[in-house]
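Novice: start.cif is reproduced below (mmCIF, C-alpha atoms).
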data_upload
#
loop_
_atom_site.label_atom_id
_atom_site.label_comp_id
_atom_site.auth_asym_id
_atom_site.auth_seq_id
_atom_site.Cartn_x
_atom_site.Cartn_y
_atom_site.Cartn_z
CA MET N 1 -2.22 -0.07 -7.83
CA ARG N 2 -2.43 -2.46 -10.72
CA THR N 3 -2.45 -6.15 -9.87
CA LYS N 4 -1.83 -8.92 -12.35
CA ALA N 5 -3.32 -12.16 -11.07
CA ILE N 6 -3.80 -15.78 -12.06
CA LYS N 7 -6.72 -17.13 -10.05
CA PHE N 8 -8.20 -20.59 -9.64
CA PHE N 9 -10.65 -20.41 -6.78
CA ILE N 10 -11.18 -23.30 -4.42
CA LEU N 11 -14.28 -23.11 -2.27
CA ILE N 12 -12.50 -23.81 0.97
CA LEU N 13 -10.17 -20.84 0.50
CA VAL N 14 -12.88 -18.24 0.85
CA PHE N 15 -13.85 -19.09 4.42
CA PRO N 16 -12.26 -16.77 7.00
CA VAL N 17 -10.12 -17.85 9.90
CA ILE N 18 -11.60 -16.08 12.92
CA ALA N 19 -8.83 -14.76 15.15
CA SER N 20 -9.67 -15.06 18.85
CA ALA N 21 -6.32 -13.68 19.97
CA ALA N 22 -3.32 -12.04 18.38
CA PRO N 23 -1.28 -14.83 16.80
CA LYS N 24 2.37 -15.49 17.66
CA ILE N 25 4.90 -14.21 15.14
CA GLU N 26 8.11 -16.16 14.48
CA HIS N 27 10.99 -14.27 12.88
CA TRP N 28 14.36 -15.31 11.45
CA VAL N 29 16.82 -14.47 8.68
CA THR N 30 17.80 -16.96 5.97
CA ASP N 31 21.42 -17.76 5.15
CA ASN N 32 21.44 -15.31 2.25
CA GLY N 33 19.81 -12.43 4.14
CA ALA N 34 16.05 -12.68 3.54
CA ARG N 35 14.01 -11.64 6.58
CA VAL N 36 11.19 -14.08 7.32
CA TYR N 37 8.03 -13.65 9.41
CA PHE N 38 5.75 -16.62 10.08
CA ILE N 39 2.39 -17.26 11.74
CA GLU N 40 1.34 -20.88 12.19
CA THR N 41 -2.37 -21.61 11.89
CA HIS N 42 -4.00 -24.94 11.04
CA ALA N 43 -7.63 -23.81 10.80
CA LEU N 44 -7.59 -24.37 7.04
CA PRO N 45 -5.38 -26.57 4.85
CA MET N 46 -3.83 -23.61 3.06
CA VAL N 47 -0.71 -21.44 2.99
CA ASP N 48 -0.38 -17.76 2.08
CA ILE N 49 3.01 -16.36 1.03
CA ASN N 50 3.99 -12.74 0.41
CA MET N 51 7.45 -12.00 -0.95
CA VAL N 52 8.00 -8.27 -0.50
CA PHE N 53 10.86 -6.38 -2.13
CA ASN N 54 12.05 -2.84 -1.48
CA ALA N 55 11.68 -2.34 -5.21
CA ALA N 56 8.79 0.02 -5.88
CA SER N 57 8.52 3.39 -7.61
CA ALA N 58 10.63 5.22 -5.00
CA ARG N 59 13.60 3.22 -6.35
CA GLU N 60 13.24 4.05 -10.02
CA PRO N 61 14.91 6.97 -11.87
CA ALA N 62 12.66 10.01 -12.33
CA ASP N 63 12.87 9.65 -16.13
CA LYS N 64 11.83 5.97 -15.94
CA GLN N 65 8.63 6.27 -13.91
CA GLY N 66 6.57 3.11 -14.23
CA LEU N 67 9.68 0.90 -14.37
CA ALA N 68 9.05 -0.73 -11.00
CA MET N 69 5.47 -1.58 -11.89
CA LEU N 70 6.44 -2.95 -15.29
CA THR N 71 9.16 -5.07 -13.71
CA SER N 72 6.64 -6.44 -11.20
CA ASP N 73 4.06 -7.12 -13.92
CA MET N 74 6.61 -8.91 -16.10
CA LEU N 75 7.73 -11.40 -13.45
CA LEU N 76 4.98 -13.81 -14.50
CA GLU N 77 5.68 -13.50 -18.22
CA GLY N 78 8.16 -16.33 -18.42
CA SER N 79 11.02 -17.89 -16.49
CA ALA N 80 14.03 -20.00 -17.47
CA ASP N 81 12.60 -22.58 -19.90
CA LEU N 82 8.94 -21.60 -19.29
CA ASP N 83 6.84 -19.13 -21.25
CA SER N 84 4.00 -17.13 -19.71
CA LYS N 85 1.41 -19.79 -20.61
CA ALA N 86 3.42 -22.53 -18.92
CA VAL N 87 3.84 -20.37 -15.82
CA ALA N 88 0.11 -19.68 -15.65
CA GLU N 89 -0.83 -23.31 -16.14
CA GLY N 90 1.73 -24.44 -13.58
CA PHE N 91 -0.09 -22.51 -10.86
CA GLU N 92 -3.63 -23.07 -12.13
CA ASP N 93 -3.26 -26.83 -12.49
CA ARG N 94 -2.54 -27.10 -8.76
CA GLY N 95 -5.26 -24.72 -7.66
CA ALA N 96 -2.86 -21.94 -6.68
CA GLU N 97 -3.46 -18.22 -6.91
CA ILE N 98 -0.57 -15.85 -7.66
CA SER N 99 -0.38 -12.09 -8.13
CA THR N 100 2.13 -9.26 -8.30
CA SER N 101 1.74 -5.61 -7.32
CA SER N 102 3.89 -2.51 -6.89
CA LEU N 103 3.29 0.94 -5.39
CA ARG N 104 5.69 3.51 -3.91
CA ASP N 105 7.45 1.56 -1.15
CA MET N 106 7.08 -2.13 -1.83
CA ALA N 107 6.70 -4.61 -4.66
CA THR N 108 4.89 -7.80 -3.66
CA VAL N 109 4.55 -11.30 -5.07
CA SER N 110 1.69 -13.17 -3.40
CA LEU N 111 0.91 -16.88 -3.54
CA ARG N 112 -1.98 -18.83 -2.06
CA SER N 113 -1.94 -22.61 -2.16
CA LEU N 114 -3.40 -25.67 -0.50
CA SER N 115 -0.96 -26.98 2.08
CA GLY N 116 -0.94 -30.60 0.96
CA LYS N 117 2.51 -31.72 -0.15
CA GLU N 118 1.29 -32.62 -3.63
CA TYR N 119 0.04 -29.04 -4.11
CA LEU N 120 2.43 -26.86 -2.15
CA GLU N 121 5.80 -28.32 -3.14
CA PRO N 122 5.43 -27.92 -6.93
CA VAL N 123 3.99 -24.39 -6.72
CA VAL N 124 6.75 -23.26 -4.32
CA GLU N 125 9.32 -24.69 -6.72
CA LEU N 126 7.65 -22.83 -9.58
CA LEU N 127 7.42 -19.61 -7.58
CA ALA N 128 11.12 -19.78 -6.74
CA LYS N 129 11.96 -20.26 -10.42
CA VAL N 130 9.68 -17.43 -11.54
CA ILE N 131 11.21 -14.94 -9.11
CA ALA N 132 14.83 -16.01 -9.57
CA TYR N 133 14.97 -16.39 -13.36
CA PRO N 134 12.56 -14.00 -15.11
CA LYS N 135 13.01 -13.70 -18.88
CA PHE N 136 11.29 -10.35 -19.52
CA PRO N 137 10.45 -11.31 -23.15
CA GLU N 138 10.62 -8.35 -25.52
CA LYS N 139 7.27 -9.10 -27.16
CA ASN N 140 5.49 -9.41 -23.81
CA LEU N 141 7.09 -6.19 -22.59
CA GLU N 142 5.76 -4.24 -25.55
CA ARG N 143 2.31 -5.63 -24.85
CA GLU N 144 2.56 -4.64 -21.17
CA LYS N 145 3.73 -1.15 -22.11
CA ALA N 146 0.73 -0.78 -24.41
CA ARG N 147 -1.57 -1.85 -21.58
CA SER N 148 0.14 0.57 -19.21
CA LEU N 149 -0.36 3.44 -21.64
CA GLN N 150 -4.01 2.51 -22.10
CA SER N 151 -4.53 2.32 -18.34
CA LEU N 152 -2.75 5.63 -17.84
CA ASP N 153 -4.88 7.28 -20.50
CA TYR N 154 -8.05 6.11 -18.76
CA SER N 155 -6.87 7.15 -15.28
CA LEU N 156 -5.98 10.65 -16.46
CA GLN N 157 -9.59 11.10 -17.54
CA GLN N 158 -10.60 10.79 -13.88
CA PRO N 159 -10.43 14.12 -11.99
CA ALA N 160 -9.65 12.38 -8.70
CA THR N 161 -6.57 10.76 -10.25
CA VAL N 162 -5.45 14.06 -11.75
CA ALA N 163 -5.75 15.70 -8.33
CA LYS N 164 -3.86 12.94 -6.52
CA ARG N 165 -0.97 12.87 -8.99
CA ARG N 166 -0.56 16.62 -8.75
CA LEU N 167 -0.78 16.53 -4.95
CA TYR N 168 2.10 14.05 -4.72
CA GLU N 169 4.18 16.19 -7.08
CA LEU N 170 3.64 19.21 -4.83
CA LEU N 171 4.19 17.43 -1.51
CA TYR N 172 7.34 15.66 -2.69
CA ARG N 173 9.13 18.07 -5.02
CA GLY N 174 12.42 16.47 -6.04
CA HIS N 175 11.84 13.40 -3.85
CA PRO N 176 11.37 9.83 -5.15
CA TYR N 177 7.83 9.80 -3.69
CA ALA N 178 6.91 12.29 -6.41
CA ASN N 179 7.33 9.46 -8.92
CA HIS N 180 4.05 8.13 -10.24
CA PRO N 181 3.94 4.32 -9.87
CA SER N 182 1.97 4.01 -13.10
CA GLY N 183 4.44 6.27 -14.93
CA THR N 184 3.95 8.98 -17.53
CA TYR N 185 3.42 8.72 -21.27
CA GLU N 186 7.01 9.69 -21.96
CA SER N 187 8.61 7.49 -19.32
CA ILE N 188 6.67 4.33 -20.22
CA LYS N 189 7.53 4.71 -23.90
CA SER N 190 11.22 5.09 -23.04
CA ILE N 191 11.51 1.92 -20.94
CA ARG N 192 13.48 -0.92 -22.51
CA ARG N 193 14.06 -4.55 -21.61
CA ALA N 194 17.55 -3.65 -20.37
CA ASP N 195 16.00 -1.21 -17.87
CA LEU N 196 13.92 -4.03 -16.35
CA GLN N 197 16.94 -6.32 -16.22
CA ASP N 198 19.07 -3.68 -14.45
CA PHE N 199 16.29 -2.80 -11.99
CA TYR N 200 15.66 -6.46 -11.24
CA LYS N 201 19.36 -7.20 -10.78
CA GLN N 202 19.75 -4.42 -8.21
CA PHE N 203 16.57 -4.79 -6.18
CA TYR N 204 15.21 -8.35 -6.54
CA VAL N 205 17.80 -9.89 -4.24
CA ALA N 206 17.46 -11.87 -1.02
CA SER N 207 18.89 -9.16 1.24
CA ASN N 208 16.26 -6.76 -0.07
CA MET N 209 13.32 -9.11 0.56
CA VAL N 210 10.87 -9.94 3.32
CA ILE N 211 9.03 -13.27 3.22
CA ALA N 212 5.72 -13.43 5.10
CA LEU N 213 4.22 -16.88 5.66
CA VAL N 214 0.84 -17.70 7.19
CA GLY N 215 -0.89 -21.03 7.31
CA ASP N 216 -0.89 -24.76 7.73
CA LEU N 217 2.85 -25.27 8.32
CA SER N 218 5.06 -26.20 11.23
CA LEU N 219 7.99 -23.94 12.07
CA VAL N 220 10.37 -26.50 10.58
CA GLN N 221 8.36 -26.62 7.35
CA ALA N 222 8.19 -22.82 7.21
CA LYS N 223 11.97 -22.55 7.52
CA GLN N 224 12.44 -25.08 4.74
CA LEU N 225 9.97 -23.23 2.53
CA ALA N 226 11.62 -19.85 3.13
CA LYS N 227 15.01 -21.35 2.30
CA ARG N 228 13.68 -22.78 -0.96
CA LEU N 229 12.31 -19.38 -1.97
CA SER N 230 15.35 -17.33 -1.05
CA LYS N 231 18.21 -19.65 -1.98
CA PRO N 232 17.96 -19.23 -5.80
CA LEU N 233 18.17 -15.44 -5.47
CA LYS N 234 21.47 -13.63 -5.34
CA LYS N 235 22.20 -12.28 -1.88
CA GLY N 236 22.81 -8.73 -3.07
CA MET N 237 22.50 -5.68 -0.85
CA PRO N 238 19.50 -4.10 0.87
CA ALA N 239 18.25 -0.93 -0.78
CA GLY N 240 19.70 2.16 0.85
CA SER N 241 17.68 4.63 2.89
CA LEU N 242 15.51 7.00 0.92
CA PRO N 243 16.33 10.70 1.28
CA ASP N 244 14.52 12.73 3.93
CA VAL N 245 11.44 14.58 2.77
CA ALA N 246 12.01 18.35 2.70
CA PRO N 247 9.60 20.69 4.53
CA ILE N 248 6.96 22.28 2.34
CA LYS N 249 5.07 25.53 2.17
CA GLY N 250 1.34 25.28 1.76
CA GLY N 251 -0.65 26.68 -1.13
CA GLU N 252 -3.68 26.25 -3.37
CA TYR N 253 -3.45 24.93 -6.93
CA ARG N 254 -6.29 24.76 -9.45
CA ILE N 255 -6.54 22.58 -12.55
CA GLU N 256 -9.20 23.17 -15.17
CA PHE N 257 -10.97 19.92 -16.02
CA PRO N 258 -14.27 19.21 -17.85
CA SER N 259 -16.31 17.56 -15.12
CA THR N 260 -19.70 18.08 -13.49
CA GLN N 261 -18.14 17.92 -10.04
CA THR N 262 -15.11 19.62 -8.57
CA HIS N 263 -12.64 17.44 -6.70
CA ILE N 264 -10.84 18.88 -3.69
CA MET N 265 -7.78 17.14 -2.29
CA MET N 266 -5.87 18.57 0.65
CA GLY N 267 -2.53 17.14 1.70
CA TYR N 268 0.04 17.53 4.43
CA LEU N 269 3.30 15.78 5.14
CA GLY N 270 2.54 13.16 7.76
CA ILE N 271 4.78 10.56 9.38
CA LYS N 272 7.01 7.55 8.75
CA ARG N 273 5.51 4.11 9.40
CA ASP N 274 7.66 3.51 12.47
CA ASP N 275 6.71 6.82 14.10
CA PRO N 276 5.58 6.27 17.72
CA ARG N 277 2.73 8.73 17.16
CA TYR N 278 1.12 6.46 14.55
CA LEU N 279 -1.69 5.05 16.69
CA ALA N 280 -2.52 8.41 18.26
CA LEU N 281 -2.86 9.85 14.76
CA LYS N 282 -4.96 6.89 13.67
CA VAL N 283 -7.37 7.52 16.53
CA GLY N 284 -7.47 11.24 15.79
CA ASN N 285 -8.07 10.69 12.11
CA TYR N 286 -10.95 8.33 12.83
CA SER N 287 -12.77 11.22 14.53
CA LEU N 288 -11.83 13.74 11.85
CA GLY N 289 -12.47 11.91 8.59
CA GLY N 290 -11.54 8.24 8.81
CA GLY N 291 -14.63 7.01 10.62
CA GLY N 292 -17.14 7.35 7.81
CA PHE N 293 -20.50 8.64 9.03
CA GLN N 294 -19.10 8.92 12.56
CA SER N 295 -16.47 11.46 11.50
CA ARG N 296 -16.69 15.19 11.97
CA LEU N 297 -16.00 16.03 8.32
CA MET N 298 -18.80 13.77 7.13
CA ASN N 299 -21.19 15.25 9.67
CA GLU N 300 -20.45 18.86 8.76
CA ILE N 301 -20.10 18.52 4.99
CA ARG N 302 -22.62 15.83 4.05
CA ASP N 303 -25.13 15.50 6.87
CA LYS N 304 -25.58 19.16 7.81
CA ARG N 305 -24.99 20.88 4.46
CA GLY N 306 -25.32 18.30 1.68
CA LEU N 307 -22.14 19.57 0.02
CA SER N 308 -20.82 16.13 -0.91
CA TYR N 309 -21.88 12.50 -0.97
CA GLY N 310 -18.73 11.62 0.92
CA VAL N 311 -15.58 13.05 2.42
CA TYR N 312 -12.70 11.13 3.96
CA SER N 313 -9.19 11.51 5.31
CA TYR N 314 -6.29 9.16 5.97
CA PHE N 315 -2.64 8.92 6.94
CA LEU N 316 -0.41 6.87 4.65
CA PRO N 317 2.88 6.37 6.52
CA MET N 318 5.78 5.01 4.47
CA GLN N 319 9.55 4.41 4.80
CA GLN N 320 10.00 8.13 4.70
CA THR N 321 7.35 10.72 5.57
CA GLY N 322 4.06 9.73 4.01
CA PRO N 323 1.10 12.03 3.37
CA PHE N 324 -2.05 12.90 5.27
CA ILE N 325 -4.84 13.42 2.74
CA THR N 326 -8.41 14.71 2.85
CA ALA N 327 -10.61 14.38 -0.23
CA LEU N 328 -14.12 15.14 -1.39
CA ALA N 329 -16.09 15.98 -4.52
CA THR N 330 -18.79 18.65 -4.73
CA LYS N 331 -20.95 20.38 -7.30
CA ASN N 332 -18.98 22.99 -9.21
CA LYS N 333 -21.18 25.81 -7.91
CA GLN N 334 -20.65 24.66 -4.30
CA LEU N 335 -16.84 24.68 -4.44
CA LYS N 336 -16.32 27.82 -2.37
CA GLU N 337 -18.60 26.72 0.46
CA ALA N 338 -17.30 23.14 0.51
CA LEU N 339 -13.68 24.31 0.59
CA THR N 340 -14.33 26.85 3.33
CA VAL N 341 -16.22 24.42 5.53
CA SER N 342 -13.58 21.72 5.07
CA GLU N 343 -10.75 24.04 6.05
CA LYS N 344 -12.62 25.35 9.09
CA VAL N 345 -13.49 21.85 10.32
CA ILE N 346 -9.91 20.64 9.92
CA ASP N 347 -8.36 23.72 11.52
CA LYS N 348 -10.72 23.60 14.50
CA PHE N 349 -10.09 19.90 14.97
CA LEU N 350 -6.33 20.38 14.91
CA LYS N 351 -6.66 23.16 17.48
CA THR N 352 -8.86 21.34 19.98
CA GLY N 353 -8.56 17.65 19.07
CA PRO N 354 -11.43 15.19 19.45
CA THR N 355 -14.04 15.59 22.13
CA GLU N 356 -14.09 12.99 24.89
CA LYS N 357 -17.15 11.41 23.25
CA GLU N 358 -15.39 11.28 19.87
CA LEU N 359 -12.29 9.79 21.47
CA VAL N 360 -14.21 7.03 23.22
CA LEU N 361 -16.10 6.19 20.02
CA ALA N 362 -12.92 6.12 17.93
CA LYS N 363 -11.05 3.87 20.35
CA LYS N 364 -14.03 1.56 20.72
CA ASN N 365 -14.46 1.14 16.97
CA ILE N 366 -10.77 0.72 16.20
CA THR N 367 -10.17 -1.84 18.94
CA GLY N 368 -13.49 -3.56 18.30
CA GLY N 369 -12.76 -3.83 14.61
CA PHE N 370 -9.18 -5.00 15.08
CA PRO N 371 -9.99 -8.75 15.07
CA LEU N 372 -11.68 -8.30 11.69
CA THR N 373 -8.42 -6.98 10.23
CA ILE N 374 -6.67 -10.29 10.95
CA ASP N 375 -9.54 -12.77 10.69
CA SER N 376 -8.26 -14.60 7.60
CA ASN N 377 -4.97 -15.91 6.31
CA GLY N 378 -5.02 -13.37 3.51
CA LYS N 379 -5.43 -10.42 5.87
CA LEU N 380 -2.86 -11.84 8.26
CA VAL N 381 -0.18 -12.30 5.62
CA THR N 382 -0.67 -8.74 4.36
CA THR N 383 -0.34 -7.36 7.89
CA LEU N 384 2.63 -9.61 8.59
CA ALA N 385 4.39 -8.47 5.43
CA SER N 386 3.93 -4.84 6.47
CA ILE N 387 5.30 -5.58 9.96
CA GLY N 388 8.35 -7.15 8.38
CA PHE N 389 8.90 -4.57 5.65
CA TYR N 390 8.76 -1.65 8.08
CA SER N 391 10.70 -3.52 10.79
CA LEU N 392 7.93 -3.17 13.38
CA PRO N 393 8.17 -5.13 16.66
CA VAL N 394 7.16 -8.79 16.51
CA ASP N 395 4.76 -8.15 19.42
CA TYR N 396 2.98 -5.47 17.35
CA LEU N 397 -0.28 -7.42 17.16
CA ASP N 398 -0.17 -8.45 20.83
CA THR N 399 0.17 -4.89 22.09
CA TYR N 400 -2.03 -3.13 19.50
CA ILE N 401 -5.24 -2.85 21.52
CA ASP N 402 -3.50 -1.92 24.78
CA ARG N 403 -1.54 0.85 23.06
CA ILE N 404 -4.76 2.35 21.74
CA ASN N 405 -6.66 2.02 25.01
CA VAL N 406 -4.10 4.09 26.95
CA LEU N 407 -4.43 7.07 24.61
CA ASP N 408 -6.17 10.14 26.03
CA ARG N 409 -7.28 13.40 24.44
CA LYS N 410 -4.00 15.13 25.17
CA ALA N 411 -1.91 12.41 23.55
CA VAL N 412 -4.07 12.45 20.42
CA THR N 413 -4.26 16.24 20.18
CA ASP N 414 -0.53 16.66 20.80
CA ALA N 415 0.23 14.15 18.04
CA LEU N 416 -2.06 15.91 15.57
CA GLN N 417 -0.66 19.34 16.36
CA SER N 418 2.95 18.17 16.15
CA VAL N 419 2.45 16.78 12.65
CA LEU N 420 -0.18 18.91 10.90
CA GLY N 421 -0.57 22.65 10.47
CA SER N 422 -2.69 24.79 8.15
CA GLU N 423 0.42 26.67 6.97
CA ASN N 424 1.71 23.38 5.50
CA ARG N 425 -1.51 22.40 3.76
CA VAL N 426 -1.36 21.89 0.00
CA THR N 427 -4.76 22.04 -1.70
CA VAL N 428 -5.38 20.80 -5.23
CA ILE N 429 -8.71 21.59 -6.88
CA VAL N 430 -9.72 19.94 -10.15
CA GLY N 431 -12.93 20.90 -11.95
CA ALA N 432 -14.69 23.05 -14.53
CA GLY N 433 -14.89 26.83 -14.47
CA LEU N 434 -11.91 27.32 -12.16
CA VAL N 435 -9.94 29.51 -14.54
CA LYS N 436 -11.81 32.62 -15.63
#
Take the structure from the file and write it as structure tokens.

Specialist:
Amino acid sequence: MRTKAIKFFILILVFPVIASAAPKIEHWVTDNGARVYFIETHALPMVDINMVFNAASAREPADKQGLAMLTSDMLLEGSADLDSKAVAEGFEDRGAEISTSSLRDMATVSLRSLSGKEYLEPVVELLAKVIAYPKFPEKNLEREKARSLQSLDYSLQQPATVAKRRLYELLYRGHPYANHPSGTYESIKSIRRADLQDFYKQFYVASNMVIALVGDLSLVQAKQLAKRLSKPLKKGMPAGSLPDVAPIKGGEYRIEFPSTQTHIMMGYLGIKRDDPRYLALKVGNYSLGGGGFQSRLMNEIRDKRGLSYGVYSYFLPMQQTGPFITALATKNKQLKEALTVSEKVIDKFLKTGPTEKELVLAKKNITGGFPLTIDSNGKLVTTLASIGFYSLPVDYLDTYIDRINVLDRKAVTDALQSVLGSENRVTVIVGAGLVK
């Protein structure tokens, strides 16, 4: 992810809001179709806003990879009668912080502001103008394209990035998730101002947006704010459903790369974000590779054998089937042993699931750490935006801990076995001396 941000830090904004209980979520739809999610909290005089559009790389043509990210980056480069400097100063002068980002599923515009009327009203007005009337200046676009190419050049010198890009290509052959959010050399060079305008016109519309609000507002004020943000946008149409992800056949792929370490990345097709097995898989993954030094992979690969400084795994559920990924780096001469041990640990874990001790530890740490995931306005608004974007239940936070606590070994093991299988594992290896 590349984030473009204008930041003016205010001391009071850095203090967390400790959540003692899951906060109440209010939900409504504006007159022109924007879905709004709101959490009221008056612990600090501040407001966090996330405007999330179904306008990320999965929506761009395969020959225009990087278009979604460029469009997102360019939103702050001028609006209506304002140039990029005026936009930046308009937020900075009132102590606001604004950023844009774009990945595979969602493009996000985030604003943080003090809640006082003299601060919030002008920055909301400016935000609405920036999002509704972007200019996409030609000169600024060429500068952003040059930066994108420079960033891409640097990232492709990193073996981990090379492995991850190739893994997505193999997992999602012919699917929009194979698109690289940061683009390719050829695609970035081919993008024109008209491409940004067309992409914006189709996807940056109210019916294709979720607004997440957290902070020092009443419900009445939140509804007024959401209306002010959505009203200038054209209503448009929600983005259509992405195509289903086709089944894959596993395999091993090696890429020669001049590095002192070899990077191993193993991937499977996982689940959609609204899959009911999500929490069972989260618990299972904690025991396998998501729990740091408490995970089985870390114990077997680092602690017992010293084959890597670190190994990890994670599920990344999306609108359509997201990946499950395991990754580590090892000395070139230890590749064979590290790969063999990793595969054996994963296969055994999928066959038997976590032990009772591992299960208890995973559930305890996930539920115990849950309050820390929503202990500030910034964390809350990010979680709230995800709940809205993926149409999760509004009682998601209220029921989270209970839904984890009821999971037993069978539920976790059944979920793992129903999703993952060694025959569907794609392994990408990037390092030196792989091709003889």

Novice: Hey, can you check how far CA of Thr382 (chain N) sits from CA of Leu397 (chain N)?

Specialist: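 For CA of Thr382 (chain N) relative to CA of Leu397 (chain N), the distance reads 12.9 Å.
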
Novice: Taking the file as shown, what set of residues would the PyMOL selection byres ((chain N and resi 116) around 12) give back, as an NGL selection string?

Specialist: :N and (42 or 44-47 or 94-96 or 113-115 or 117-124 or 215-217 or 221)

Novice: Can you pull out every residue within 8 Å of region 274-277 of chain N, counting all atoms listed in the file, but drop anything in the same chain fewer than 3 positions away, and send it as a list in words?

Specialist: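 Counting only the stated atoms, we get Ile271, Ala280, Leu281, Gln319, Tyr390, Ser391, Leu392 and Ala415 of chain N.
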
Novice: Residues as selected, C-alpha atoms, written as a compact mmCIF listing (two decimals), in the coordinates of the input, can you do that?

Specialist:
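Dumped to again19.txt:
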# COMPACT_ATOMS: atom_id res chain seq x y z
CA ILE N 271 4.78 10.56 9.38
CA ALA N 280 -2.52 8.41 18.26
CA LEU N 281 -2.86 9.85 14.76
CA GLN N 319 9.55 4.41 4.80
CA TYR N 390 8.76 -1.65 8.08
CA SER N 391 10.70 -3.52 10.79
CA LEU N 392 7.93 -3.17 13.38
CA ALA N 415 0.23 14.15 18.04

Novice: Grab the CA of Gly236 (chain N) to CA of Asn54 (chain N) distance for me, in Å with one decimal place.

Specialist: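 CA of Asn54 (chain N) lies 12.4 Å from CA of Gly236 (chain N).
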
Novice: Check the smallest atom-to-atom distance from each of N:Met265, N:Val381, N:Leu111, N:Met106 to Ile25 (chain N) using only C-alpha atoms, then report the winner.

Specialist: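 Counting only C-alpha atoms, the residue closest to Ile25 (chain N) is N:Val381.
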
Novice: Could you check the closest approach to Ala362 (chain N) for each of N:Tyr396, N:Asn405, N:Ile387, N:Ser342 and tell me which residue wins, using only C-alpha atoms?

Specialist: N:Asn405

Novice: Identify, on the basis of all atoms listed in the file, every residue whose closest approach to Ile301 (chain N) does not exceed 12 Å; exclude the query and any residue fewer than 2 positions from it along the same chain; express the result as JSON, numbers by chain.

Specialist: {"N": [288, 289, 292, 293, 295, 296, 297, 298, 299, 303, 304, 305, 306, 307, 308, 309, 310, 311, 312, 327, 328, 329, 330, 334, 335, 337, 338, 339, 340, 341, 342, 343, 344, 345, 346]}

Novice: Out of N:Lys223, N:Arg59, N:Lys201, N:Lys235, which residue has the shortest atom-to-atom distance to Asp105 (chain N) when counting only C-alpha atoms?

Specialist: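 Of the candidates, the smallest distance to Asp105 (chain N) is held by N:Arg59.
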
Novice: Counting only C-alpha atoms, which of N:Ala58, N:Gly291, N:Glu252, N:Gln320 gets nearest to Lys272 (chain N)?

Specialist: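 Among the listed residues, the smallest separation from Lys272 (chain N) belongs to N:Gln320.
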